[in-house]
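Structure file protein00.pdb; described as PDB, C-alpha atoms, pLDDT in the B column.
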```pdb
ATOM      1  CA  MET A   1       0.756 -18.370 -23.913  1.00 79.00           C
ATOM      2  CA  ILE A   2      -2.940 -17.906 -23.284  1.00 86.00           C
ATOM      3  CA  SER A   3      -5.462 -19.164 -25.804  1.00 88.00           C
ATOM      4  CA  GLN A   4      -7.931 -16.663 -27.158  1.00 91.00           C
ATOM      5  CA  GLU A   5     -10.863 -18.869 -26.141  1.00 91.00           C
ATOM      6  CA  ASN A   6      -9.748 -19.018 -22.500  1.00 90.00           C
ATOM      7  CA  PHE A   7      -9.017 -15.299 -22.412  1.00 91.00           C
ATOM      8  CA  ILE A   8     -12.543 -14.551 -23.638  1.00 92.00           C
ATOM      9  CA  LYS A   9     -13.969 -17.002 -21.094  1.00 91.00           C
ATOM     10  CA  ALA A  10     -12.008 -15.255 -18.313  1.00 91.00           C
ATOM     11  CA  TRP A  11     -13.097 -11.840 -19.602  1.00 92.00           C
ATOM     12  CA  LYS A  12     -16.748 -12.867 -19.521  1.00 92.00           C
ATOM     13  CA  ASN A  13     -16.402 -14.146 -15.966  1.00 91.00           C
ATOM     14  CA  LYS A  14     -15.358 -10.789 -14.509  1.00 92.00           C
ATOM     15  CA  ARG A  15     -17.784 -11.263 -11.619  1.00 94.00           C
ATOM     16  CA  LEU A  16     -15.523 -13.959 -10.194  1.00 94.00           C
ATOM     17  CA  ILE A  17     -12.520 -11.652 -10.458  1.00 94.00           C
ATOM     18  CA  ALA A  18     -14.423  -8.686  -8.971  1.00 94.00           C
ATOM     19  CA  GLY A  19     -15.526 -10.928  -6.107  1.00 95.00           C
ATOM     20  CA  ALA A  20     -11.919 -11.966  -5.462  1.00 94.00           C
ATOM     21  CA  LEU A  21     -10.810  -8.324  -5.453  1.00 94.00           C
ATOM     22  CA  LYS A  22     -13.621  -7.495  -3.029  1.00 94.00           C
ATOM     23  CA  ALA A  23     -12.566 -10.408  -0.790  1.00 94.00           C
ATOM     24  CA  ALA A  24      -9.017  -8.995  -0.835  1.00 93.00           C
ATOM     25  CA  GLY A  25     -10.375  -5.646   0.386  1.00 92.00           C
ATOM     26  CA  VAL A  26     -10.080  -3.661  -2.853  1.00 92.00           C
ATOM     27  CA  ARG A  27     -12.847  -1.141  -3.491  1.00 92.00           C
ATOM     28  CA  ARG A  28     -14.011  -0.170  -6.970  1.00 91.00           C
ATOM     29  CA  ASP A  29     -12.929   3.448  -6.445  1.00 92.00           C
ATOM     30  CA  TYR A  30      -9.319   2.396  -5.653  1.00 89.00           C
ATOM     31  CA  VAL A  31      -6.777   3.991  -8.009  1.00 89.00           C
ATOM     32  CA  HIS A  32      -5.250   0.678  -9.110  1.00 89.00           C
ATOM     33  CA  TYR A  33      -8.532  -1.271  -9.328  1.00 92.00           C
ATOM     34  CA  GLU A  34      -8.515  -1.632 -13.125  1.00 92.00           C
ATOM     35  CA  ASP A  35      -4.905  -2.836 -13.128  1.00 92.00           C
ATOM     36  CA  LEU A  36      -5.691  -5.441 -10.499  1.00 93.00           C
ATOM     37  CA  MET A  37      -8.773  -6.492 -12.486  1.00 94.00           C
ATOM     38  CA  GLN A  38      -6.673  -6.993 -15.631  1.00 93.00           C
ATOM     39  CA  ASP A  39      -4.104  -9.003 -13.684  1.00 93.00           C
ATOM     40  CA  GLY A  40      -6.956 -11.148 -12.395  1.00 94.00           C
ATOM     41  CA  VAL A  41      -8.280 -11.775 -15.900  1.00 94.00           C
ATOM     42  CA  LEU A  42      -4.828 -12.848 -17.087  1.00 93.00           C
ATOM     43  CA  LEU A  43      -4.287 -15.105 -14.082  1.00 94.00           C
ATOM     44  CA  TYR A  44      -7.709 -16.697 -14.566  1.00 94.00           C
ATOM     45  CA  ALA A  45      -7.068 -17.271 -18.285  1.00 93.00           C
ATOM     46  CA  GLU A  46      -3.693 -18.876 -17.507  1.00 93.00           C
ATOM     47  CA  LEU A  47      -5.346 -21.227 -15.036  1.00 92.00           C
ATOM     48  CA  LEU A  48      -7.996 -22.135 -17.604  1.00 91.00           C
ATOM     49  CA  ASP A  49      -5.182 -23.084 -20.007  1.00 91.00           C
ATOM     50  CA  LYS A  50      -3.252 -25.088 -17.421  1.00 91.00           C
ATOM     51  CA  LEU A  51      -6.253 -26.901 -15.995  1.00 91.00           C
ATOM     52  CA  GLU A  52      -8.302 -27.408 -19.138  1.00 86.00           C
ATOM     53  CA  ASN A  53      -9.142 -31.032 -18.218  1.00 88.00           C
ATOM     54  CA  GLN A  54     -10.482 -30.053 -14.777  1.00 89.00           C
ATOM     55  CA  PRO A  55     -14.143 -29.232 -14.073  1.00 90.00           C
ATOM     56  CA  ASP A  56     -15.017 -25.532 -14.320  1.00 86.00           C
ATOM     57  CA  GLN A  57     -16.136 -25.335 -10.691  1.00 90.00           C
ATOM     58  CA  LYS A  58     -12.744 -26.555  -9.443  1.00 92.00           C
ATOM     59  CA  VAL A  59     -10.880 -24.112 -11.703  1.00 91.00           C
ATOM     60  CA  ASP A  60     -13.111 -21.252 -10.542  1.00 92.00           C
ATOM     61  CA  LYS A  61     -12.411 -21.984  -6.859  1.00 93.00           C
ATOM     62  CA  LEU A  62      -8.669 -22.184  -7.465  1.00 94.00           C
ATOM     63  CA  ALA A  63      -8.716 -19.018  -9.586  1.00 93.00           C
ATOM     64  CA  PHE A  64     -10.661 -17.154  -6.908  1.00 94.00           C
ATOM     65  CA  ARG A  65      -8.071 -18.025  -4.250  1.00 95.00           C
ATOM     66  CA  LYS A  66      -5.086 -17.310  -6.509  1.00 95.00           C
ATOM     67  CA  ILE A  67      -6.499 -13.920  -7.518  1.00 94.00           C
ATOM     68  CA  ILE A  68      -6.983 -13.008  -3.847  1.00 95.00           C
ATOM     69  CA  TRP A  69      -3.381 -13.921  -2.983  1.00 95.00           C
ATOM     70  CA  LYS A  70      -1.922 -12.185  -6.046  1.00 94.00           C
ATOM     71  CA  THR A  71      -3.965  -9.068  -5.273  1.00 94.00           C
ATOM     72  CA  ILE A  72      -2.825  -8.997  -1.657  1.00 94.00           C
ATOM     73  CA  ASP A  73       0.767  -9.413  -2.826  1.00 94.00           C
ATOM     74  CA  GLU A  74       0.380  -6.511  -5.278  1.00 92.00           C
ATOM     75  CA  LEU A  75      -1.184  -4.326  -2.585  1.00 92.00           C
ATOM     76  CA  ARG A  76       1.798  -5.008  -0.334  1.00 91.00           C
ATOM     77  CA  LYS A  77       4.180  -4.011  -3.130  1.00 90.00           C
ATOM     78  CA  ILE A  78       2.256  -0.773  -3.658  1.00 86.00           C
ATOM     79  CA  GLN A  79       2.295  -0.102   0.085  1.00 84.00           C
ATOM     80  CA  ARG A  80       6.059  -0.657   0.318  1.00 81.00           C
ATOM     81  CA  HIS A  81       6.624   1.655  -2.638  1.00 79.00           C
ATOM     82  CA  GLU A  82       4.492   4.381  -1.047  1.00 76.00           C
ATOM     83  CA  GLU A  83       6.347   3.999   2.258  1.00 72.00           C
ATOM     84  CA  ARG A  84       9.684   4.481   0.505  1.00 70.00           C
ATOM     85  CA  THR A  85       8.572   7.510  -1.440  1.00 67.00           C
ATOM     86  CA  SER A  86       7.018   9.418   1.442  1.00 62.00           C
ATOM     87  CA  ASN A  87       9.380  12.158   2.527  1.00 57.00           C
ATOM     88  CA  LEU A  88       9.459  14.904   5.072  1.00 52.00           C
ATOM     89  CA  GLU A  89       8.811  17.798   2.692  1.00 51.00           C
ATOM     90  CA  GLU A  90       5.652  16.225   1.299  1.00 58.00           C
ATOM     91  CA  ALA A  91       4.435  15.277   4.747  1.00 55.00           C
ATOM     92  CA  PHE A  92       4.830  18.758   6.215  1.00 54.00           C
ATOM     93  CA  ASN A  93       4.050  20.678   3.032  1.00 54.00           C
ATOM     94  CA  LEU A  94       6.802  23.211   3.709  1.00 48.00           C
ATOM     95  CA  TYR A  95       7.450  26.167   1.473  1.00 49.00           C
ATOM     96  CA  LYS A  96       9.394  25.626  -1.745  1.00 48.00           C
ATOM     97  CA  ASN A  97      13.014  26.689  -1.166  1.00 44.00           C
ATOM     98  CA  ASP A  98      12.602  29.399   1.443  1.00 50.00           C
ATOM     99  CA  TYR A  99      13.592  28.769   5.023  1.00 51.00           C
ATOM    100  CA  ASP A 100      10.764  29.867   7.237  1.00 64.00           C
ATOM    101  CA  TRP A 101      12.420  30.501  10.581  1.00 71.00           C
ATOM    102  CA  GLN A 102       9.087  30.601  12.381  1.00 75.00           C
ATOM    103  CA  ASN A 103       8.367  27.034  11.221  1.00 74.00           C
ATOM    104  CA  LEU A 104      11.801  25.902  12.348  1.00 76.00           C
ATOM    105  CA  ILE A 105      11.187  27.348  15.816  1.00 80.00           C
ATOM    106  CA  ILE A 106       7.798  25.617  15.978  1.00 80.00           C
ATOM    107  CA  LEU A 107       9.358  22.313  14.865  1.00 81.00           C
ATOM    108  CA  LYS A 108      12.052  22.627  17.512  1.00 83.00           C
ATOM    109  CA  GLN A 109       9.398  23.185  20.188  1.00 86.00           C
ATOM    110  CA  GLU A 110       7.350  20.238  18.930  1.00 86.00           C
ATOM    111  CA  ILE A 111      10.385  17.929  18.953  1.00 87.00           C
ATOM    112  CA  LYS A 112      10.821  18.625  22.676  1.00 89.00           C
ATOM    113  CA  LYS A 113       7.267  17.338  23.278  1.00 89.00           C
ATOM    114  CA  MET A 114       7.629  14.133  21.205  1.00 89.00           C
ATOM    115  CA  THR A 115       7.654  10.600  22.579  1.00 90.00           C
ATOM    116  CA  GLN A 116      10.499   8.180  21.860  1.00 90.00           C
ATOM    117  CA  GLU A 117       8.444   6.478  19.143  1.00 90.00           C
ATOM    118  CA  GLU A 118       7.606   9.778  17.465  1.00 90.00           C
ATOM    119  CA  LEU A 119      11.283  10.757  17.494  1.00 89.00           C
ATOM    120  CA  LEU A 120      12.164   7.374  16.015  1.00 89.00           C
ATOM    121  CA  VAL A 121       9.666   7.810  13.191  1.00 89.00           C
ATOM    122  CA  LEU A 122      10.700  11.416  12.559  1.00 86.00           C
ATOM    123  CA  PHE A 123      14.448  10.865  12.428  1.00 85.00           C
ATOM    124  CA  GLU A 124      14.787   7.278  11.217  1.00 88.00           C
ATOM    125  CA  HIS A 125      11.894   7.106   8.736  1.00 86.00           C
ATOM    126  CA  LEU A 126      11.068  10.611   7.570  1.00 82.00           C
ATOM    127  CA  ILE A 127      14.527  12.197   7.669  1.00 83.00           C
ATOM    128  CA  CYS A 128      16.950   9.289   7.182  1.00 84.00           C
ATOM    129  CA  GLY A 129      14.653   7.425   4.801  1.00 83.00           C
ATOM    130  CA  LYS A 130      14.588   4.017   6.496  1.00 86.00           C
ATOM    131  CA  THR A 131      11.572   1.938   5.591  1.00 88.00           C
ATOM    132  CA  ILE A 132       9.024   1.015   8.204  1.00 88.00           C
ATOM    133  CA  THR A 133      10.008  -2.621   7.662  1.00 89.00           C
ATOM    134  CA  GLN A 134      13.624  -1.848   8.598  1.00 90.00           C
ATOM    135  CA  ILE A 135      12.529   0.012  11.722  1.00 90.00           C
ATOM    136  CA  VAL A 136      10.274  -2.895  12.753  1.00 91.00           C
ATOM    137  CA  LYS A 137      13.166  -5.346  12.384  1.00 92.00           C
ATOM    138  CA  GLU A 138      15.559  -3.154  14.359  1.00 91.00           C
ATOM    139  CA  THR A 139      13.244  -2.132  17.198  1.00 92.00           C
ATOM    140  CA  LYS A 140      10.739  -5.038  17.391  1.00 92.00           C
ATOM    141  CA  ILE A 141       7.918  -2.471  17.641  1.00 92.00           C
ATOM    142  CA  PRO A 142       4.784  -3.693  15.813  1.00 92.00           C
ATOM    143  CA  ARG A 143       4.342  -2.325  12.282  1.00 89.00           C
ATOM    144  CA  ILE A 144       0.819  -1.067  12.939  1.00 91.00           C
ATOM    145  CA  ARG A 145       2.023   0.907  15.965  1.00 92.00           C
ATOM    146  CA  ILE A 146       4.751   2.614  13.924  1.00 90.00           C
ATOM    147  CA  LYS A 147       2.331   3.399  11.096  1.00 90.00           C
ATOM    148  CA  ARG A 148      -0.175   4.881  13.546  1.00 91.00           C
ATOM    149  CA  CYS A 149       2.594   6.892  15.163  1.00 91.00           C
ATOM    150  CA  LYS A 150       3.681   8.203  11.750  1.00 90.00           C
ATOM    151  CA  LYS A 151       0.135   9.204  10.850  1.00 89.00           C
ATOM    152  CA  MET A 152      -0.427  10.951  14.195  1.00 90.00           C
ATOM    153  CA  LEU A 153       2.988  12.636  13.997  1.00 88.00           C
ATOM    154  CA  ILE A 154       2.314  14.052  10.535  1.00 87.00           C
ATOM    155  CA  THR A 155      -1.130  15.248  11.616  1.00 88.00           C
ATOM    156  CA  LYS A 156       0.326  16.841  14.756  1.00 87.00           C
ATOM    157  CA  MET A 157       3.082  18.570  12.779  1.00 85.00           C
ATOM    158  CA  LYS A 158       0.673  19.879  10.141  1.00 84.00           C
ATOM    159  CA  LEU A 159      -1.517  21.254  12.894  1.00 84.00           C
ATOM    160  CA  ALA A 160       1.418  22.895  14.665  1.00 83.00           C
ATOM    161  CA  LEU A 161       2.720  24.448  11.433  1.00 78.00           C
ATOM    162  CA  SER A 162      -0.679  25.754  10.380  1.00 78.00           C
ATOM    163  CA  LYS A 163      -1.193  27.817  13.558  1.00 69.00           C
TER     164      LYS A 163
END
```

What do you get writing this file as structure tokens?
Amino acid sequence: MISQENFIKAWKNKRLIAGALKAAGVRRDYVHYEDLMQDGVLLYAELLDKLENQPDQKVDKLAFRKIIWKTIDELRKIQRHEERTSNLEEAFNLYKNDYDWQNLIILKQEIKKMTQEELLVLFEHLICGKTITQIVKETKIPRIRIKRCKKMLITKMKLALSK
């Protein structure tokens, strides 16, 4: 339970929370910025309650670090959720329920040109629905390399299908 006094104190010290969000790499125009800001206020108020006998400067430093770590953790959760929900139809923006044979021929030609990593991302991640984390564990390929490959693959496929 958070006391009203500490909640108001945390609310008034939004600059500390905004600074922690900035240190965590969150921009003000980010979709979830306000949610992360509210989480920061609550975390700060909880710390004020727990550490009421400590000097304000010490509590502020601890709150700053805790808000950064909680924010980074939340960003990772959001990232994992977005990875799981990305699917092939959204990525390629194919037509609703019609089979476009021309697109299928183009896709078949593009698959012949793909590297092993691109094929892995296409079949394992986009079609079979494995998460990037699962693919990293199975193949020992760095996460950033797989994510770059996915981004380049989607761009390449969009370009090929838009011709």

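Distances to A:Ile127 were evaluated for A:Arg28, A:Arg84, A:Lys77, A:Lys156 using only C-alpha atoms, and the minimum falls at A:Arg84.
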
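The nearest approach to A:Leu36 among the residues A:Glu5, A:Glu110, A:Ile68, A:Leu48, with only C-alpha atoms taken into account, belongs to A:Ile68.
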
Can you tell me, as a PDB file with C-alpha atoms, keeping the file's coordinate frame, what residues are no more than 10 Å from A:Glu46 when counting all atoms listed in the file, ignoring any on the same chain fewer than 6 positions away?
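New file result.pdb:
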```
ATOM      1  CA  MET A   1       0.756 -18.370 -23.913  1.00 79.00           C
ATOM      2  CA  ILE A   2      -2.940 -17.906 -23.284  1.00 86.00           C
ATOM      3  CA  SER A   3      -5.462 -19.164 -25.804  1.00 88.00           C
ATOM      4  CA  ASN A   6      -9.748 -19.018 -22.500  1.00 90.00           C
ATOM      5  CA  PHE A   7      -9.017 -15.299 -22.412  1.00 91.00           C
ATOM      6  CA  ALA A  10     -12.008 -15.255 -18.313  1.00 91.00           C
ATOM      7  CA  GLY A  40      -6.956 -11.148 -12.395  1.00 94.00           C
ATOM      8  CA  GLU A  52      -8.302 -27.408 -19.138  1.00 86.00           C
ATOM      9  CA  ALA A  63      -8.716 -19.018  -9.586  1.00 93.00           C
TER      10      ALA A  63
END
```

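Of the listed residues (A:Val59, A:Leu75, A:Ile8, A:Leu51), A:Leu75 comes nearest to A:His32; the distances count all atoms listed in the file.
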
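The closest residue to A:Trp11, picked from A:Ala23, A:Ile106, A:Ala45, A:Ile135 and counting only C-alpha atoms, is A:Ala45.
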
Draw an axis-aligned box tight on the listed atoms of stretch 132-141 of chain A, then pad every side by 4 Å and write out centre and edge lengths in Å to one decimal as lines of an AutoDock Vina configuration file.
```
center_x = 11.7
center_y = -2.2
center_z = 12.7
size_x = 15.6
size_y = 14.4
size_z = 18.0
```

From atom CA of A:Leu104 to atom CA of A:His125 the spacing works out at 19.1 Å

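Counting from atom CA of A:His81, the distance to atom CA of A:Lys130 is 12.3 Å.
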
As a list in words, please: the residues near A:Arg65 (cut-off 12 Å, all atoms listed in the file, same-chain neighbours under 3 positions excluded).
Leu16, Ile17, Gly19, Ala20, Leu21, Lys22, Ala23, Ala24, Gly40, Leu43, Tyr44, Leu47, Lys58, Val59, Asp60, Lys61, Leu62, Ile68, Trp69, Lys70, Thr71 and Ile72 of chain A

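Of the listed residues (A:Ala18, A:Ile78, A:Leu119, A:Val136), A:Leu119 comes nearest to A:Ile154; the distances count all atoms listed in the file.
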
Atom CA of A:Lys66 to atom CA of A:Asp29: how many Å, to one decimal?
22.2 Å

Which polymer residues have any atom within 9 Å of an atom of A:Lys147, counting only C-alpha atoms, with same-chain residues fewer than 4 positions away left out, as a VMD selection string?
chain A and resid 121 132 142 to 143 151 to 152

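If all atoms listed in the file are the atoms counted, then among A:Leu107, A:Val31, A:Ile146, A:Ile67 the closest residue to A:Ser162 is A:Leu107.
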
Provide stretch 56-73 of chain A rebuilt to N, CA and C atoms, formatted as a short mmCIF file (atom, residue, chain, number, x, y, z; two decimals), in the coordinates of the input.
```cif
data_model
loop_
_atom_site.label_atom_id
_atom_site.label_comp_id
_atom_site.auth_asym_id
_atom_site.auth_seq_id
_atom_site.Cartn_x
_atom_site.Cartn_y
_atom_site.Cartn_z
N ASP A 56 -15.00 -27.00 -14.43
CA ASP A 56 -15.02 -25.53 -14.32
C ASP A 56 -15.14 -25.06 -12.88
N GLN A 57 -15.93 -25.74 -12.08
CA GLN A 57 -16.14 -25.34 -10.69
C GLN A 57 -14.82 -25.40 -9.90
N LYS A 58 -14.02 -26.41 -10.13
CA LYS A 58 -12.74 -26.56 -9.44
C LYS A 58 -11.77 -25.45 -9.88
N VAL A 59 -11.76 -25.17 -11.18
CA VAL A 59 -10.88 -24.11 -11.70
C VAL A 59 -11.30 -22.76 -11.15
N ASP A 60 -12.61 -22.53 -11.07
CA ASP A 60 -13.11 -21.25 -10.54
C ASP A 60 -12.70 -21.05 -9.08
N LYS A 61 -12.81 -22.09 -8.27
CA LYS A 61 -12.41 -21.98 -6.86
C LYS A 61 -10.93 -21.68 -6.73
N LEU A 62 -10.12 -22.40 -7.50
CA LEU A 62 -8.67 -22.18 -7.46
C LEU A 62 -8.33 -20.78 -7.96
N ALA A 63 -8.97 -20.35 -9.03
CA ALA A 63 -8.72 -19.02 -9.59
C ALA A 63 -9.09 -17.94 -8.58
N PHE A 64 -10.22 -18.11 -7.92
CA PHE A 64 -10.66 -17.15 -6.91
C PHE A 64 -9.59 -16.98 -5.83
N ARG A 65 -9.10 -18.10 -5.30
CA ARG A 65 -8.07 -18.02 -4.25
C ARG A 65 -6.77 -17.43 -4.77
N LYS A 66 -6.35 -17.83 -5.96
CA LYS A 66 -5.09 -17.31 -6.51
C LYS A 66 -5.18 -15.81 -6.78
N ILE A 67 -6.33 -15.35 -7.25
CA ILE A 67 -6.50 -13.92 -7.52
C ILE A 67 -6.44 -13.14 -6.21
N ILE A 68 -7.04 -13.68 -5.16
CA ILE A 68 -6.98 -13.01 -3.85
C ILE A 68 -5.53 -12.87 -3.40
N TRP A 69 -4.77 -13.96 -3.46
CA TRP A 69 -3.38 -13.92 -2.98
C TRP A 69 -2.51 -13.01 -3.85
N LYS A 70 -2.71 -13.06 -5.16
CA LYS A 70 -1.92 -12.18 -6.05
C LYS A 70 -2.27 -10.72 -5.78
N THR A 71 -3.53 -10.44 -5.55
CA THR A 71 -3.96 -9.07 -5.27
C THR A 71 -3.35 -8.57 -3.97
N ILE A 72 -3.40 -9.39 -2.94
CA ILE A 72 -2.82 -9.00 -1.66
C ILE A 72 -1.33 -8.75 -1.81
N ASP A 73 -0.66 -9.60 -2.58
CA ASP A 73 0.77 -9.41 -2.83
C ASP A 73 1.03 -8.09 -3.55
#
```
